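Trainee: Here you go, this is run.txt (compact mmCIF, C-alpha atoms).
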# COMPACT_ATOMS: atom_id res chain seq x y z
CA MET F 104 0.70 -2.39 25.99
CA TYR F 105 -2.55 -3.23 27.74
CA GLN F 106 -3.12 -6.72 29.07
CA THR F 107 -4.33 -9.18 26.44
CA THR F 108 -4.75 -12.90 25.99
CA TYR F 109 -2.76 -14.51 23.18
CA HIS F 110 -4.11 -17.49 21.25
CA ARG F 111 -2.37 -19.33 18.44
CA ALA F 112 -4.92 -20.79 16.04
CA SER F 113 -4.09 -23.90 14.07
CA SER F 114 -6.90 -23.56 11.51
CA VAL F 115 -9.13 -20.86 10.07
CA TYR F 116 -12.10 -22.54 11.72
CA GLU F 117 -10.42 -22.49 15.12
CA ALA F 118 -9.39 -18.85 14.62
CA ALA F 119 -12.98 -17.84 13.89
CA SER F 120 -14.32 -19.61 16.97
CA LEU F 121 -11.58 -18.17 19.24
CA PHE F 122 -12.39 -14.72 17.87
CA ALA F 123 -16.06 -15.13 18.69
CA LYS F 124 -15.30 -16.09 22.29
CA GLY F 125 -13.33 -12.90 23.10
CA SER F 126 -15.12 -9.72 24.10
CA GLU F 127 -12.98 -7.56 21.82
CA SER F 128 -10.80 -9.84 19.73
CA LYS F 129 -8.30 -8.92 17.06
CA PHE F 130 -6.61 -11.11 14.48
CA LEU F 131 -2.81 -11.00 14.41
CA ALA F 132 -0.97 -12.01 11.24
CA GLY F 133 2.59 -10.66 10.97
CA GLY F 134 1.93 -8.07 13.65
CA GLN F 135 3.99 -5.38 11.96
CA THR F 136 1.14 -2.88 12.31
CA LEU F 137 -1.07 -4.27 15.08
CA LEU F 138 1.73 -4.68 17.63
CA PRO F 139 3.11 -1.12 17.25
CA VAL F 140 -0.49 0.16 17.56
CA MET F 141 -1.03 -1.95 20.69
CA LYS F 142 2.26 -0.71 22.15
CA GLN F 143 1.04 2.84 21.75
CA ARG F 144 -2.19 1.82 23.49
CA LEU F 145 -4.16 2.91 20.46
CA ALA F 146 -5.61 -0.61 20.44
CA GLY F 147 -6.29 -2.81 23.43
CA PRO F 148 -7.84 -6.05 22.25
CA SER F 149 -9.02 -8.46 24.95
CA ASP F 150 -7.81 -11.38 22.85
CA VAL F 151 -5.25 -11.64 20.09
CA ILE F 152 -5.81 -14.53 17.67
CA ASP F 153 -2.58 -15.42 15.86
CA LEU F 154 -3.15 -16.48 12.24
CA GLY F 155 0.56 -16.55 11.43
CA ARG F 156 1.15 -20.27 11.76
CA ILE F 157 -2.00 -21.57 10.07
CA LYS F 158 -0.78 -23.84 7.29
CA GLU F 159 -3.86 -23.44 5.07
CA LEU F 160 -3.13 -19.67 4.94
CA GLN F 161 0.41 -20.12 3.59
CA GLY F 162 1.69 -20.29 0.06
CA VAL F 163 1.28 -19.26 -3.54
CA ASP F 164 -0.52 -21.02 -6.37
CA LEU F 165 -0.35 -20.22 -10.08
CA SER F 166 -3.04 -21.92 -12.06
CA GLY F 167 -3.68 -20.81 -15.61
CA ASP F 168 -4.11 -17.06 -15.61
CA THR F 169 -4.78 -16.75 -11.89
CA LEU F 170 -2.13 -16.13 -9.25
CA THR F 171 -3.39 -16.86 -5.75
CA ILE F 172 -1.46 -15.70 -2.72
CA LYS F 173 -2.71 -17.07 0.58
CA ALA F 174 -3.33 -14.49 3.26
CA ALA F 175 -0.61 -15.26 5.81
CA THR F 176 2.16 -15.51 3.23
CA THR F 177 4.91 -13.09 4.24
CA TYR F 178 6.25 -10.35 2.00
CA TYR F 179 9.60 -12.15 1.89
CA ASP F 180 8.00 -15.38 0.74
CA ILE F 181 6.00 -13.49 -1.91
CA MET F 182 9.07 -11.56 -3.08
CA THR F 183 11.14 -14.71 -3.54
CA ASN F 184 8.39 -16.95 -4.97
CA ALA F 185 9.14 -18.21 -8.49
CA ASP F 186 5.47 -18.16 -9.58
CA VAL F 187 5.02 -14.55 -8.43
CA LYS F 188 8.20 -13.47 -10.19
CA GLN F 189 7.14 -15.17 -13.39
CA ALA F 190 3.42 -14.29 -13.46
CA ILE F 191 3.32 -10.77 -11.96
CA PRO F 192 6.87 -9.48 -11.41
CA ALA F 193 5.43 -6.09 -10.39
CA ILE F 194 4.13 -7.74 -7.20
CA ALA F 195 7.54 -9.21 -6.45
CA TYR F 196 9.02 -5.75 -6.96
CA LEU F 197 6.37 -4.12 -4.75
CA THR F 198 7.21 -6.46 -1.89
CA SER F 199 10.94 -5.80 -2.33
CA VAL F 200 10.47 -2.08 -1.59
CA LEU F 201 7.95 -2.56 1.19
CA GLY F 202 9.23 -1.92 4.71
CA ASP F 203 12.69 -3.29 5.44
CA PRO F 204 14.05 -6.86 5.43
CA ALA F 205 12.96 -7.64 9.01
CA VAL F 206 9.46 -6.31 8.36
CA ARG F 207 9.26 -8.32 5.11
CA TYR F 208 10.02 -11.52 7.02
CA ARG F 209 6.99 -10.97 9.27
CA GLY F 210 4.39 -8.84 7.46
CA THR F 211 1.72 -10.53 5.36
CA ILE F 212 -0.46 -9.63 2.39
CA GLY F 213 -3.62 -10.39 4.36
CA GLY F 214 -2.55 -8.16 7.23
CA SER F 215 -1.74 -5.30 4.88
CA ILE F 216 -5.09 -5.28 3.12
CA ALA F 217 -7.16 -5.95 6.25
CA ASN F 218 -5.55 -2.91 7.86
CA ASN F 219 -5.94 -0.79 4.68
CA ASP F 220 -3.50 1.90 5.71
CA PRO F 221 -3.94 4.82 3.26
CA ALA F 222 -0.24 4.61 2.38
CA ALA F 223 0.15 0.82 2.22
CA ASP F 224 1.42 -0.73 -1.01
CA PHE F 225 -0.69 -3.84 -1.51
CA PRO F 226 -4.09 -2.11 -1.74
CA ALA F 227 -2.84 -0.38 -4.92
CA ALA F 228 -1.82 -3.71 -6.45
CA LEU F 229 -5.18 -5.34 -5.68
CA LEU F 230 -7.18 -2.42 -7.03
CA ALA F 231 -5.13 -1.98 -10.22
CA LEU F 232 -5.04 -5.69 -10.98
CA GLY F 233 -8.74 -6.19 -10.26
CA ALA F 234 -7.98 -8.83 -7.64
CA THR F 235 -10.49 -10.82 -5.63
CA VAL F 236 -10.25 -11.11 -1.85
CA LYS F 237 -11.26 -14.55 -0.57
CA THR F 238 -12.48 -14.83 2.99
CA ASN F 239 -13.80 -17.67 5.14
CA LYS F 240 -17.29 -16.51 4.11
CA ARG F 241 -17.20 -15.12 0.57
CA SER F 242 -15.31 -13.54 -2.32
CA ILE F 243 -15.04 -9.75 -2.52
CA ALA F 244 -13.87 -7.77 -5.57
CA ALA F 245 -11.05 -5.34 -4.77
CA ASP F 246 -13.28 -2.53 -6.09
CA ASP F 247 -15.71 -3.26 -3.25
CA PHE F 248 -13.19 -4.30 -0.60
CA PHE F 249 -11.40 -1.01 0.15
CA GLN F 250 -13.82 1.45 1.70
CA GLY F 251 -11.75 4.35 2.98
CA LEU F 252 -9.16 4.98 5.69
CA PHE F 253 -8.46 1.76 7.58
CA THR F 254 -11.88 0.55 6.48
CA THR F 255 -12.72 -2.54 4.44
CA ALA F 256 -15.75 -4.63 3.53
CA LEU F 257 -14.70 -7.23 6.14
CA GLU F 258 -17.28 -8.01 8.78
CA ASP F 259 -16.32 -8.46 12.41
CA GLY F 260 -14.61 -11.82 12.76
CA GLU F 261 -14.31 -12.44 9.00
CA ILE F 262 -10.92 -13.84 7.99
CA ILE F 263 -9.12 -13.19 4.70
CA THR F 264 -7.87 -16.52 3.39
CA ALA F 265 -6.31 -15.55 0.04
CA VAL F 266 -6.05 -12.98 -2.71
CA SER F 267 -6.49 -14.01 -6.36
CA PHE F 268 -4.93 -11.90 -9.08
CA PRO F 269 -5.75 -12.26 -12.77
CA VAL F 270 -2.37 -12.37 -14.51
CA PRO F 271 -2.13 -9.10 -16.49
CA ALA F 272 -0.58 -8.41 -19.88
CA LYS F 273 1.57 -5.70 -18.30
CA ALA F 274 1.92 -4.26 -14.83
CA GLY F 275 4.26 -1.92 -12.98
CA TYR F 276 4.55 -0.24 -9.59
CA GLU F 277 6.60 2.72 -8.46
CA LYS F 278 6.51 4.75 -5.31
CA MET F 279 8.18 7.68 -3.65
CA ARG F 280 9.27 6.11 -0.40
CA HIS F 281 9.06 7.91 2.87
CA PRO F 282 12.71 7.75 3.96
CA ALA F 283 12.00 6.67 7.55
CA SER F 284 8.85 4.56 7.44
CA ARG F 285 9.23 3.27 3.84
CA PHE F 286 5.51 3.75 3.40
CA ALA F 287 4.51 5.24 0.07
CA LEU F 288 4.49 9.02 0.13
CA THR F 289 2.60 8.23 -3.03
CA GLY F 290 2.72 5.00 -5.03
CA VAL F 291 1.06 4.09 -8.31
CA PHE F 292 0.31 0.64 -9.69
CA VAL F 293 -0.55 0.44 -13.41
CA ALA F 294 -1.95 -2.64 -15.13
CA GLN F 295 -3.12 -3.62 -18.59
CA THR F 296 -5.33 -6.69 -18.54
CA LYS F 297 -5.11 -9.38 -21.18
CA SER F 298 -8.36 -8.05 -22.65
CA GLY F 299 -6.82 -4.58 -23.03
CA GLU F 300 -8.48 -2.85 -20.08
CA VAL F 301 -6.26 -0.38 -18.23
CA ARG F 302 -6.51 0.07 -14.47
CA VAL F 303 -4.44 2.48 -12.41
CA ALA F 304 -4.49 2.78 -8.61
CA ALA F 305 -2.71 5.26 -6.36
CA THR F 306 -1.87 4.81 -2.68
CA GLY F 307 -0.64 7.41 -0.22
CA ALA F 308 -2.41 10.11 -2.20
CA SER F 309 -6.09 10.35 -1.35
CA GLN F 310 -7.58 11.27 2.00
CA THR F 311 -9.92 8.32 1.56
CA GLY F 312 -7.22 5.72 0.95
CA VAL F 313 -6.33 3.81 -2.19
CA MET F 314 -8.06 5.16 -5.34
CA ARG F 315 -8.43 4.51 -9.05
CA VAL F 316 -7.07 7.29 -11.29
CA GLY F 317 -9.54 7.53 -14.16
CA ALA F 318 -7.77 10.31 -16.09
CA ILE F 319 -4.54 8.31 -16.28
CA GLU F 320 -6.43 5.13 -17.18
CA ALA F 321 -8.04 6.94 -20.15
CA ALA F 322 -4.71 8.35 -21.30
CA LEU F 323 -2.99 4.97 -21.09
CA LYS F 324 -5.89 3.20 -22.78
CA ALA F 325 -5.38 5.50 -25.79
CA ASN F 326 -1.60 5.20 -25.69
CA TRP F 327 0.30 2.94 -23.29
CA SER F 328 3.41 5.05 -22.77
CA PRO F 329 4.81 7.35 -20.07
CA SER F 330 4.46 10.37 -22.35
CA ALA F 331 0.71 9.78 -22.68
CA ILE F 332 0.43 10.97 -19.06
CA ASP F 333 2.25 14.29 -19.72
CA SER F 334 -0.95 16.17 -20.49
CA VAL F 335 -3.05 14.61 -17.70
CA SER F 336 -3.95 16.98 -14.92
CA ILE F 337 -4.52 15.58 -11.40
CA SER F 338 -6.51 17.73 -9.00
CA ALA F 339 -5.06 18.27 -5.53
CA SER F 340 -8.55 18.41 -4.08
CA GLY F 341 -9.14 15.59 -1.60
CA LEU F 342 -5.49 14.55 -1.51
CA LEU F 343 -3.47 14.06 1.68
CA ALA F 344 -1.41 16.94 3.00
CA ASP F 345 0.99 16.60 5.93
CA ILE F 346 4.50 17.56 6.98
CA HIS F 347 5.90 15.16 4.38
CA GLY F 348 4.19 16.73 1.37
CA THR F 349 1.41 19.05 0.28
CA ALA F 350 -1.65 17.93 -1.66
CA GLU F 351 -0.24 19.63 -4.78
CA TYR F 352 3.04 17.75 -4.36
CA ARG F 353 1.17 14.45 -4.10
CA ALA F 354 -0.96 15.30 -7.15
CA ASN F 355 2.25 15.70 -9.10
CA LEU F 356 3.66 12.50 -7.60
CA VAL F 357 0.62 10.57 -8.89
CA LYS F 358 1.58 11.55 -12.43
CA VAL F 359 5.31 11.00 -12.03
CA MET F 360 4.95 7.65 -10.28
CA ALA F 361 2.43 6.53 -12.93
CA GLN F 362 4.90 7.43 -15.67
CA ARG F 363 7.69 5.52 -13.93
CA ALA F 364 5.37 2.56 -13.36
CA VAL F 365 4.45 2.43 -17.07
CA ALA F 366 8.14 2.61 -17.96
CA ALA F 367 8.82 -0.26 -15.54
CA ALA F 368 5.93 -2.29 -16.95
CA GLY F 369 7.33 -1.95 -20.49
CA MET U 278 0.26 -15.77 31.98
CA SER U 279 1.51 -18.40 29.58
CA THR U 280 4.52 -20.63 29.42
CA VAL U 281 6.54 -19.91 26.29
CA LYS U 282 8.88 -22.69 25.27
CA LEU U 283 11.61 -21.90 22.82
CA THR U 284 15.24 -22.55 22.01
CA VAL U 285 17.57 -19.63 22.63
CA ASN U 286 21.16 -19.85 21.41
CA GLY U 287 20.86 -23.62 21.29
CA LYS U 288 19.42 -24.04 24.79
CA ALA U 289 15.81 -25.09 25.40
CA VAL U 290 14.07 -22.70 27.79
CA ALA U 291 10.55 -22.38 29.22
CA VAL U 292 9.54 -18.98 30.54
CA ASP U 293 6.33 -17.90 32.27
CA VAL U 294 5.35 -14.49 30.94
CA GLU U 295 2.31 -12.25 30.62
CA ASP U 296 0.72 -12.64 27.19
CA ARG U 297 1.54 -9.02 26.35
CA THR U 298 5.28 -9.65 26.78
CA LEU U 299 7.36 -8.83 23.73
CA LEU U 300 10.06 -11.21 22.55
CA VAL U 301 12.72 -8.61 23.35
CA GLN U 302 11.42 -8.35 26.93
CA LEU U 303 11.55 -12.11 27.31
CA LEU U 304 15.16 -12.13 26.13
CA ARG U 305 16.34 -9.14 28.16
CA ASP U 306 14.24 -9.19 31.32
CA HIS U 307 13.65 -12.90 31.79
CA LEU U 308 16.79 -14.48 30.29
CA ASN U 309 19.15 -11.57 31.03
CA LEU U 310 20.33 -11.57 27.42
CA THR U 311 20.82 -7.81 27.34
CA GLY U 312 22.93 -7.76 24.19
CA THR U 313 19.70 -7.35 22.22
CA HIS U 314 18.82 -3.67 22.54
CA VAL U 315 15.65 -1.61 22.47
CA GLY U 316 16.29 1.56 20.52
CA CYS U 317 13.19 3.19 19.11
CA ASP U 318 10.63 0.63 20.26
CA THR U 319 8.61 1.56 17.14
CA SER U 320 9.92 -1.06 14.64
CA GLN U 321 12.18 1.38 12.82
CA CYS U 322 15.71 1.22 14.26
CA GLY U 323 16.59 -2.48 14.24
CA ALA U 324 18.64 -2.47 17.48
CA CYS U 325 16.44 -5.39 18.63
CA VAL U 326 17.03 -7.68 15.63
CA VAL U 327 17.47 -11.37 16.44
CA HIS U 328 17.18 -14.48 14.28
CA MET U 329 14.03 -16.56 14.56
CA ASP U 330 14.31 -19.88 12.73
CA GLY U 331 17.10 -18.34 10.67
CA ARG U 332 15.32 -15.12 9.74
CA ALA U 333 16.26 -11.67 11.06
CA VAL U 334 13.24 -10.19 12.85
CA LYS U 335 12.60 -7.20 15.08
CA SER U 336 12.09 -8.67 18.54
CA CYS U 337 10.34 -5.51 19.75
CA THR U 338 7.60 -6.17 17.19
CA MET U 339 6.74 -9.73 18.17
CA LEU U 340 4.91 -11.14 21.12
CA ALA U 341 6.90 -13.72 23.03
CA GLY U 342 4.03 -16.12 22.36
CA GLN U 343 4.55 -15.82 18.62
CA ALA U 344 8.04 -17.28 19.14
CA ASP U 345 6.73 -20.32 21.04
CA GLY U 346 8.37 -23.40 19.54
CA ALA U 347 10.87 -21.34 17.56
CA SER U 348 14.64 -21.27 17.64
CA ILE U 349 16.08 -17.85 18.49
CA THR U 350 19.65 -16.71 18.03
CA THR U 351 20.80 -13.50 19.69
CA ILE U 352 24.07 -11.59 19.51
CA GLU U 353 25.27 -13.66 22.49
CA GLY U 354 24.89 -16.84 20.47
CA ILE U 355 27.04 -16.26 17.40
CA ALA U 356 30.66 -16.38 18.62
CA LYS U 357 32.34 -19.77 19.03
CA GLY U 358 33.70 -19.46 22.55
CA ASP U 359 36.40 -16.79 22.40
CA GLU U 360 36.41 -16.75 18.62
CA LEU U 361 34.27 -13.93 17.27
CA HIS U 362 31.83 -14.57 14.45
CA PRO U 363 33.39 -13.30 11.18
CA MET U 364 30.80 -10.49 11.14
CA GLN U 365 31.78 -9.39 14.66
CA ALA U 366 35.47 -9.55 13.73
CA ALA U 367 34.84 -7.50 10.59
CA PHE U 368 32.97 -4.82 12.56
CA ARG U 369 35.94 -4.58 14.95
CA ASP U 370 38.57 -4.52 12.21
CA ASN U 371 36.74 -1.94 10.09
CA HIS U 372 35.79 0.29 13.01
CA GLY U 373 32.13 -0.37 12.21
CA LEU U 374 30.88 1.03 15.49
CA GLN U 375 31.28 4.05 17.70
CA CYS U 376 28.84 4.02 20.63
CA GLY U 377 27.89 0.41 19.84
CA TYR U 378 24.21 0.72 20.64
CA CYS U 379 22.98 -0.33 17.19
CA THR U 380 25.74 -2.90 16.71
CA PRO U 381 24.01 -6.09 17.93
CA GLY U 382 21.08 -5.45 15.60
CA MET U 383 23.39 -4.41 12.77
CA ILE U 384 25.38 -7.63 13.11
CA MET U 385 22.30 -9.87 13.27
CA SER U 386 20.80 -8.16 10.20
CA ALA U 387 24.13 -8.23 8.39
CA ILE U 388 24.57 -11.98 8.92
CA ASP U 389 21.09 -12.50 7.47
CA ILE U 390 21.97 -10.30 4.48
CA VAL U 391 25.13 -12.27 3.72
CA GLN U 392 23.29 -15.58 4.14
CA ARG U 393 20.63 -14.50 1.63
CA HIS U 394 22.92 -12.93 -0.94
CA GLY U 395 26.03 -15.07 -0.61
CA GLY U 396 28.74 -13.75 -2.90
CA GLN U 397 26.37 -11.41 -4.76
CA LEU U 398 26.85 -8.51 -2.35
CA ASP U 399 27.85 -5.05 -3.44
CA GLU U 400 27.79 -1.73 -1.64
CA ALA U 401 24.41 -0.60 -3.03
CA THR U 402 22.78 -3.88 -1.98
CA VAL U 403 24.20 -3.65 1.53
CA ARG U 404 22.94 -0.08 1.90
CA HIS U 405 19.45 -1.03 0.67
CA GLU U 406 19.35 -4.09 2.90
CA LEU U 407 20.43 -2.14 5.99
CA GLU U 408 17.45 0.20 5.71
CA GLY U 409 15.84 -1.33 8.77
CA ASN U 410 18.85 -0.63 10.98
CA ILE U 411 19.58 2.89 12.11
CA CYS U 412 22.97 4.09 13.33
CA ARG U 413 23.32 7.63 14.63
CA CYS U 414 27.12 7.72 14.95
CA THR U 415 28.98 6.30 12.02
CA GLY U 416 27.34 7.56 8.86
CA TYR U 417 27.19 3.87 7.88
CA HIS U 418 30.42 4.05 5.88
CA ASN U 419 32.43 1.66 8.03
CA ILE U 420 29.41 -0.53 8.72
CA VAL U 421 28.99 -1.13 4.99
CA LYS U 422 32.72 -1.82 4.69
CA ALA U 423 32.50 -4.30 7.56
CA VAL U 424 29.57 -6.18 6.00
CA LEU U 425 31.34 -6.47 2.65
CA ASP U 426 34.51 -7.61 4.40
CA ALA U 427 32.59 -10.18 6.44
CA ALA U 428 30.81 -11.47 3.34
CA GLY U 429 34.21 -12.50 2.00
CA ARG U 430 35.29 -14.03 5.31
CA MET U 431 32.03 -15.97 5.70
CA LYS U 432 32.41 -17.37 2.18
CA VAL U 433 35.94 -18.53 2.99
CA ALA U 434 34.78 -19.99 6.31
CA GLN U 435 31.93 -21.80 4.59
CA ALA U 436 34.24 -23.20 1.92
CA ALA U 437 36.57 -24.51 4.64
CA GLU U 438 33.79 -26.36 6.45
Please render this file's structure as structure tokens.

Mentor:
Amino acid sequence: MYQTTYHRASSVYEAASLFAKGSESKFLAGGQTLLPVMKQRLAGPSDVIDLGRIKELQGVDLSGDTLTIKAATTYYDIMTNADVKQAIPAIAYLTSVLGDPAVRYRGTIGGSIANNDPAADFPAALLALGATVKTNKRSIAADDFFQGLFTTALEDGEIITAVSFPVPAKAGYEKMRHPASRFALTGVFVAQTKSGEVRVAATGASQTGVMRVGAIEAALKANWSPSAIDSVSISASGLLADIHGTAEYRANLVKVMAQRAVAAAG
Amino acid sequence: MSTVKLTVNGKAVAVDVEDRTLLVQLLRDHLNLTGTHVGCDTSQCGACVVHMDGRAVKSCTMLAGQADGASITTIEGIAKGDELHPMQAAFRDNHGLQCGYCTPGMIMSAIDIVQRHGGQLDEATVRHELEGNICRCTGYHNIVKAVLDAAGRMKVAQAAE
């Protein structure tokens, strides 16, 4: 790891001003991605601003039909939260199959979406549920937030403070887990909003990161059942291909994971 | 350089380290607590697992500074004098180790698993929960047996307290 200067911020305001003072600052939340990347010397921030202990970034709030998860809430705390389990159990399930127990104790929802790894789980949940990302400057719709591989709408120094999810009528998530990294080889999140809209998002599939799957949305809108997806055809064009799976294999996984997710959603 | 103040195995310590120091380096290189191992150094193998404020974390994937103010328990801190922790005793009795390299991390993760699940543990749960700890010798069979055995012992020990 290159030399760096570590700062622990006690408020979002302090974090933003510490960030601005460094020549090449990076925010650190759980560190489950940033630290491995720094150890490989693929990143060498001059200053690391720790958001992990900021109290105003911790916790979950369920108010009416909106579930808000603050940005530095860990996967473990999301997974075990009673409001999450009651309002959107698919999110509790998603966190239970994310990483391993030690990673779940440290990793955070804000860190996951700010990094926007093309195979991360949470981007699929945000996109399918039509979530809103709250930052210290503005609110950003999930549709506008994810902008390709490791790229988001965040400006330099902007801090995610929370994610708000509209509570859906039904939602489910299933993924084919990579056996070593536990990232999604492909994962699909399906959601039916209370007004009857259907949104489906796949992660680990597209070369440009998390994506909506319009063909499956149309099929499920007509008939919310796993069998409705039987006749859908997913093109392999533009999908990821690597030693773990071909683009054709991932195209098939999009369908199969969507069917399992619908079955899980009920 | 920064001074990191933390409690390790019940003792308050203050250590001057470079900001880029990992928690595992602080434990091993500065406090000579070499029971915590570095296996993969890429957050996958779990040989470096310690408890921070009661939660099992990978100490190779934390800066020492992130642990400032925290209470850390390592493999050296779980036995009571000469009396092994029930998890250590169960690993010995069930032959839950061969080379022993992964064992400190396995035991720290396993204690966390039992603490979270209490009496609800079954084999499938133990196998799922041990996904962050890699063993290259045993095939996991005796490790899983040891964790289930220890879960019973820890329940008995808790009831006696």

Trainee: So which residues touch segment 268-270 of chain F within 12 Å, counting only C-alpha atoms, skipping near sequence neighbours fewer than 6 positions away, as a ChimeraX atom specification?

Mentor: /F:163-173,186-194,225,228-237,244-245,294-298

Trainee: So that I have them on file, write out the residues from the current selection with C-alpha atoms, as an mmCIF file, keeping the file's coordinate frame.

Mentor:
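Written out: part-v4.cif:
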data_model
loop_
_atom_site.group_PDB
_atom_site.id
_atom_site.type_symbol
_atom_site.label_atom_id
_atom_site.label_comp_id
_atom_site.auth_asym_id
_atom_site.auth_seq_id
_atom_site.Cartn_x
_atom_site.Cartn_y
_atom_site.Cartn_z
ATOM 1 C CA VAL F 163 1.280 -19.260 -3.540
ATOM 2 C CA ASP F 164 -0.520 -21.020 -6.370
ATOM 3 C CA LEU F 165 -0.350 -20.220 -10.080
ATOM 4 C CA SER F 166 -3.040 -21.920 -12.060
ATOM 5 C CA GLY F 167 -3.680 -20.810 -15.610
ATOM 6 C CA ASP F 168 -4.110 -17.060 -15.610
ATOM 7 C CA THR F 169 -4.780 -16.750 -11.890
ATOM 8 C CA LEU F 170 -2.130 -16.130 -9.250
ATOM 9 C CA THR F 171 -3.390 -16.860 -5.750
ATOM 10 C CA ILE F 172 -1.460 -15.700 -2.720
ATOM 11 C CA LYS F 173 -2.710 -17.070 0.580
ATOM 12 C CA ASP F 186 5.470 -18.160 -9.580
ATOM 13 C CA VAL F 187 5.020 -14.550 -8.430
ATOM 14 C CA LYS F 188 8.200 -13.470 -10.190
ATOM 15 C CA GLN F 189 7.140 -15.170 -13.390
ATOM 16 C CA ALA F 190 3.420 -14.290 -13.460
ATOM 17 C CA ILE F 191 3.320 -10.770 -11.960
ATOM 18 C CA PRO F 192 6.870 -9.480 -11.410
ATOM 19 C CA ALA F 193 5.430 -6.090 -10.390
ATOM 20 C CA ILE F 194 4.130 -7.740 -7.200
ATOM 21 C CA PHE F 225 -0.690 -3.840 -1.510
ATOM 22 C CA ALA F 228 -1.820 -3.710 -6.450
ATOM 23 C CA LEU F 229 -5.180 -5.340 -5.680
ATOM 24 C CA LEU F 230 -7.180 -2.420 -7.030
ATOM 25 C CA ALA F 231 -5.130 -1.980 -10.220
ATOM 26 C CA LEU F 232 -5.040 -5.690 -10.980
ATOM 27 C CA GLY F 233 -8.740 -6.190 -10.260
ATOM 28 C CA ALA F 234 -7.980 -8.830 -7.640
ATOM 29 C CA THR F 235 -10.490 -10.820 -5.630
ATOM 30 C CA VAL F 236 -10.250 -11.110 -1.850
ATOM 31 C CA LYS F 237 -11.260 -14.550 -0.570
ATOM 32 C CA ALA F 244 -13.870 -7.770 -5.570
ATOM 33 C CA ALA F 245 -11.050 -5.340 -4.770
ATOM 34 C CA ALA F 294 -1.950 -2.640 -15.130
ATOM 35 C CA GLN F 295 -3.120 -3.620 -18.590
ATOM 36 C CA THR F 296 -5.330 -6.690 -18.540
ATOM 37 C CA LYS F 297 -5.110 -9.380 -21.180
ATOM 38 C CA SER F 298 -8.360 -8.050 -22.650
#

Trainee: May I have the residues within 9 Å of segment 295-312 of chain U as an MDAnalysis selection string, using all atoms listed in the file and disregarding those fewer than 6 positions away in the same chain?

Mentor: (chainID F and resid 104:109) or (chainID U and resid 278:280 285 325:327 335:344 351:353 381)

Trainee: Residues of chain F were defined as contacting chain U if any atom lay at most 10 Å from it, counting all atoms listed in the file; please report them as a short mmCIF file (atom, residue, chain, number, x, y, z; two decimals) with C-alpha atoms, keeping the file's coordinate frame.

Mentor:
data_model
loop_
_atom_site.label_atom_id
_atom_site.label_comp_id
_atom_site.auth_asym_id
_atom_site.auth_seq_id
_atom_site.Cartn_x
_atom_site.Cartn_y
_atom_site.Cartn_z
CA MET F 104 0.70 -2.39 25.99
CA TYR F 105 -2.55 -3.23 27.74
CA GLN F 106 -3.12 -6.72 29.07
CA THR F 107 -4.33 -9.18 26.44
CA THR F 108 -4.75 -12.90 25.99
CA TYR F 109 -2.76 -14.51 23.18
CA HIS F 110 -4.11 -17.49 21.25
CA ARG F 111 -2.37 -19.33 18.44
CA LEU F 131 -2.81 -11.00 14.41
CA ALA F 132 -0.97 -12.01 11.24
CA GLY F 133 2.59 -10.66 10.97
CA GLY F 134 1.93 -8.07 13.65
CA GLN F 135 3.99 -5.38 11.96
CA THR F 136 1.14 -2.88 12.31
CA LEU F 137 -1.07 -4.27 15.08
CA LEU F 138 1.73 -4.68 17.63
CA PRO F 139 3.11 -1.12 17.25
CA VAL F 140 -0.49 0.16 17.56
CA MET F 141 -1.03 -1.95 20.69
CA LYS F 142 2.26 -0.71 22.15
CA GLN F 143 1.04 2.84 21.75
CA ASP F 150 -7.81 -11.38 22.85
CA VAL F 151 -5.25 -11.64 20.09
CA ASP F 153 -2.58 -15.42 15.86
CA GLY F 155 0.56 -16.55 11.43
CA ARG F 156 1.15 -20.27 11.76
CA VAL F 200 10.47 -2.08 -1.59
CA GLY F 202 9.23 -1.92 4.71
CA ASP F 203 12.69 -3.29 5.44
CA PRO F 204 14.05 -6.86 5.43
CA ALA F 205 12.96 -7.64 9.01
CA VAL F 206 9.46 -6.31 8.36
CA ARG F 207 9.26 -8.32 5.11
CA TYR F 208 10.02 -11.52 7.02
CA ARG F 209 6.99 -10.97 9.27
CA PRO F 282 12.71 7.75 3.96
CA ALA F 283 12.00 6.67 7.55
CA SER F 284 8.85 4.56 7.44
CA ARG F 285 9.23 3.27 3.84
#

Trainee: Skip Val313 of chain F itself and residues of its chain fewer than 3 positions away, then list as an NGL selection string all residues within 12 Å of it, counting all atoms listed in the file.

Mentor: :F and (216 or 219-231 or 245-255 or 287 or 289-292 or 303-310 or 316 or 342-343 or 357)

Trainee: Do you have the atom CA of Ala146 of chain F-atom CA of Lys129 of chain F distance handy?

Mentor: 9.4 Å

Trainee: Edge lengths and centre in Å to one decimal, as JSON, of the axis-aligned box that encloses all listed atoms of segment 297-310 of chain U with 6 Å added on every side?

Mentor:
{"center_x": 10.9, "center_y": -11.4, "center_z": 27.2, "size_x": 30.8, "size_y": 18.1, "size_z": 21.2}

Trainee: Mind checking which residues fall within 7 Å of Gly260 of chain F, counting all atoms listed in the file, ignoring those fewer than 4 positions away in the same chain, and posting them as a short mmCIF file (atom, residue, chain, number, x, y, z; two decimals) with C-alpha atoms, keeping the file's coordinate frame?

Mentor:
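Contents of out.cif, freshly written:
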data_model
loop_
_atom_site.label_atom_id
_atom_site.label_comp_id
_atom_site.auth_asym_id
_atom_site.auth_seq_id
_atom_site.Cartn_x
_atom_site.Cartn_y
_atom_site.Cartn_z
CA ALA F 119 -12.98 -17.84 13.89
CA PHE F 122 -12.39 -14.72 17.87
CA ALA F 123 -16.06 -15.13 18.69
#
